[in-house]
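This is start.pdb (PDB, C-alpha atoms and all ligand atoms).
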```
ATOM      1  CA  MET A  83       9.308 -16.427  54.668
ATOM      2  CA  PRO A  84      11.737 -13.603  55.434
ATOM      3  CA  ARG A  85      14.340 -14.875  53.000
ATOM      4  CA  ASP A  86      11.863 -14.853  50.128
ATOM      5  CA  ASP A  87      10.722 -11.337  50.999
ATOM      6  CA  SER A  88      14.208  -9.959  50.864
ATOM      7  CA  GLN A  89      14.832 -11.810  47.625
ATOM      8  CA  ASN A  90      11.719 -10.224  46.168
ATOM      9  CA  GLN A  91      12.816  -6.775  47.263
ATOM     10  CA  THR A  92      16.178  -7.257  45.637
ATOM     11  CA  ASN A  93      14.498  -8.414  42.445
ATOM     12  CA  SER A  94      12.119  -5.486  42.336
ATOM     13  CA  ARG A  95      14.942  -3.011  42.979
ATOM     14  CA  LEU A  96      16.953  -4.544  40.173
ATOM     15  CA  SER A  97      14.020  -4.554  37.803
ATOM     16  CA  SER A  98      13.205  -0.903  38.508
ATOM     17  CA  GLN A  99      16.807   0.055  37.813
ATOM     18  CA  LEU A 100      16.674  -1.990  34.625
ATOM     19  CA  HIS A 101      13.486  -0.189  33.673
ATOM     20  CA  LEU A 102      15.140   3.209  34.224
ATOM     21  CA  LEU A 103      18.119   2.143  32.121
ATOM     22  CA  GLN A 104      15.810   1.083  29.326
ATOM     23  CA  GLU A 105      14.040   4.446  29.450
ATOM     24  CA  ALA A 106      17.368   6.285  29.261
ATOM     25  CA  ALA A 107      18.419   4.068  26.353
ATOM     26  CA  ILE A 108      15.434   5.213  24.294
ATOM     27  CA  GLY A 109      15.901   8.873  25.153
ATOM     28  CA  HIS A 110      13.404   9.315  27.974
ATOM     29  CA  LEU A 111      15.463  11.499  30.290
ATOM     30  CA  ASP A 112      12.868  13.306  32.387
ATOM     31  CA  ASN A 113       9.737  12.572  34.388
ATOM     32  CA  LEU A 114      10.537   8.923  34.884
ATOM     33  CA  ASP A 115       8.669   6.800  37.387
ATOM     34  CA  CYS A 116      10.378   6.817  40.788
ATOM     35  CA  PRO A 117      10.383   3.313  42.335
ATOM     36  CA  ASN A 118      10.544   4.880  45.791
ATOM     37  CA  CYS A 119       7.938   7.669  45.944
ATOM     38  CA  ARG A 120       6.073   6.710  42.748
ATOM     39  CA  HIS A 121       6.194  10.265  41.401
ATOM     40  CA  LEU A 122       7.159  10.975  37.830
ATOM     41  CA  ALA A 123      10.099  12.946  39.123
ATOM     42  CA  ILE A 124      13.274  11.176  38.037
ATOM     43  CA  SER A 125      15.691  12.884  35.724
ATOM     44  CA  VAL A 126      18.675  11.315  34.038
ATOM     45  CA  TRP A 127      22.119  12.878  34.437
ATOM     46  CA  PHE A 128      25.484  11.823  33.152
ATOM     47  CA  SER A 129      29.006  12.094  34.366
ATOM     48  CA  HIS A 130      32.195  11.554  32.442
ATOM     49  CA  PRO A 131      34.989  11.875  34.999
ATOM     50  CA  VAL A 132      37.788  10.439  32.866
ATOM     51  CA  ALA A 133      38.236   9.161  29.342
ATOM     52  CA  ASP A 134      36.449   5.868  28.671
ATOM     53  CA  MET A 135      34.317   6.157  31.765
ATOM     54  CA  TYR A 136      30.699   7.221  31.691
ATOM     55  CA  ARG A 137      28.085   7.009  34.364
ATOM     56  CA  THR A 138      24.344   7.370  34.080
ATOM     57  CA  TRP A 139      22.598   8.776  37.136
ATOM     58  CA  PHE A 140      18.906   8.634  37.974
ATOM     59  CA  ILE A 141      17.915  11.246  40.506
ATOM     60  CA  CYS A 142      14.462  11.851  41.932
ATOM     61  CA  ALA A 143      13.442  15.465  42.548
ATOM     62  CA  ASP A 144      10.772  14.514  45.090
ATOM     63  CA  CYS A 145      12.623  12.119  47.378
ATOM     64  CA  ASP A 146      16.171  11.052  48.097
ATOM     65  CA  PHE A 147      16.128   8.179  45.621
ATOM     66  CA  HIS A 148      19.152   8.023  43.372
ATOM     67  CA  THR A 149      20.912   5.264  41.563
ATOM     68  CA  ARG A 150      23.644   5.107  38.991
ATOM     69  CA  ALA A 151      24.949   2.786  36.369
ATOM     70  CA  GLN A 152      28.424   2.553  34.974
ATOM     71  CA  ASN A 153      28.720   2.630  31.220
ATOM     72  CA  THR A 154      31.570   1.125  29.290
ATOM     73  CA  GLU A 155      30.876   3.340  26.333
ATOM     74  CA  ARG A 156      29.328   6.716  25.693
ATOM     75  CA  PRO A 157      25.581   6.544  26.386
ATOM     76  CA  ARG A 158      23.553   7.150  23.239
ATOM     77  CA  PHE A 159      21.833  10.230  24.678
ATOM     78  CA  PHE A 160      24.879  11.593  26.474
ATOM     79  CA  SER A 161      25.171  15.354  26.105
ATOM     80  CA  ASP A 162      27.148  18.064  27.838
ATOM     81  CA  ASP A 163      23.883  19.715  28.857
ATOM     82  CA  ARG A 164      23.139  16.661  30.924
ATOM     83  CA  VAL A 165      26.476  16.427  32.666
ATOM     84  CA  CYS A 166      26.199  17.254  36.324
ATOM     85  CA  ALA A 167      29.431  18.865  37.528
ATOM     86  CA  GLU A 168      28.751  17.950  41.132
ATOM     87  CA  LEU A 169      28.349  14.261  40.319
ATOM     88  CA  GLU A 170      31.374  14.357  38.087
ATOM     89  CA  GLU A 171      33.493  15.781  40.910
ATOM     90  CA  ARG A 172      32.333  13.011  43.175
ATOM     91  CA  ASP A 173      33.063  10.359  40.563
ATOM     92  CA  LEU A 174      36.459  11.829  39.927
ATOM     93  CA  SER A 175      37.443  11.643  43.564
ATOM     94  CA  ILE A 176      36.322   8.001  43.683
ATOM     95  CA  VAL A 177      38.330   7.242  40.558
ATOM     96  CA  ARG A 178      41.401   9.006  41.921
ATOM     97  CA  GLN A 179      41.210   7.059  45.142
ATOM     98  CA  ALA A 180      40.992   3.848  43.186
ATOM     99  CA  ILE A 181      43.897   4.691  40.895
ATOM    100  CA  PHE A 182      46.266   6.344  43.344
ATOM    101  CA  LYS A 183      46.396   4.315  46.482
ATOM    102  CA  ARG A 184      48.611   6.705  48.295
ATOM    103  CA  PRO A 185      47.862   9.036  51.188
ATOM    104  CA  PRO A 186      46.087  12.286  50.351
ATOM    105  CA  GLN A 187      48.440  15.086  49.450
ATOM    106  CA  ARG A 188      48.892  17.893  51.881
ATOM    107  CA  LEU A 189      47.041  21.023  50.927
ATOM    108  CA  MET A 190      49.259  24.085  50.620
TER     109      MET A 190
HETATM  110 ZN    ZN A 201      11.126   9.655  44.382
END
```

Would you write out, as structure tokens, the structure that this file holds?
Ligand SMILES: [Zn+2]
Amino acid sequence: MPRDDSQNQTNSRLSSQLHLLQEAAIGHLDNLDCPNCRHLAISVWFSHPVADMYRTWFICADCDFHTRAQNTERPRFFSDDRVCAELEERDLSIVRQAIFKRPPQRLM
């Protein structure tokens, strides 16, 4: 039944994200199993756009798979070496939009 199929897909996507989170939690930050292309090509990155906000990113080098999780506290294996400036910029703009619900400021 179609409904069951989609339920299964949702479950398997959630369980693969959970698996990635568990790997990151024990310090496995490279060569993780990609649920999309099945290559051992996922690396873990972090972003820390503002105080008290951390995000863990899982990005595949071999396909366009990426997922992220929001952390309420500093991830155990967080390090500046693993902070991706590009992701942090993106997070920061999302956070700013959420905090300041006013029109964008004119440039110049
Ligand atoms: Zn992949």

Please determine, counting only C-alpha atoms, which residue among A:Pro157, A:Glu170, A:Asn113, A:Ser129 has the shortest atom-to-atom distance to A:Cys142.
A:Asn113

List, as a ChimeraX atom specification, every residue that the PyMOL selection byres (((chain A and resi 103-107) around 10) and not hetatm) selects in the file provided.
/A:97-102,108-112,114-115,125-127,138-140,150-151,157-160

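Among A:Gln152, A:Ser175, A:Ser161, A:Asn118, the residue with the shortest atom-to-atom distance to A:Arg95, counting only C-alpha atoms, is A:Asn118.
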
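Among all protein and nucleic acid residues, the ones that lie within 7 Å of ligand ZN 201 (chain A) when counting all atoms listed in the file are A:Cys116, A:Pro117, A:Asn118, A:Cys119, A:Arg120, A:His121, A:Ala123, A:Ile124, A:Cys142, A:Ala143, A:Asp144, A:Cys145, A:Asp146, A:Phe147.
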
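Coordinates place atom CA of A:Arg178 at a distance of 24.3 Å from atom CA of A:Asp163.
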
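Taking atom CA of A:His148 and atom CA of A:Ala133 as the two end points, the separation is 23.7 Å.
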
Step by step, work through what the PyMOL selection byres (((chain A and resi 154) around 10) and not hetatm) selects in the shown file, and finish by giving those residues as a ChimeraX atom specification.
/A:134-137,151-153,155-157

Just to confirm, what's the straight-line distance from atom CA of A:Asp173 to atom CA of A:Ile141 in Å (one decimal)?
15.2 Å

Determine the nearest neighbour of A:His130 from the options A:Ser88, A:Ser94, A:Thr149, A:Leu174, counting all atoms listed in the file.
A:Leu174
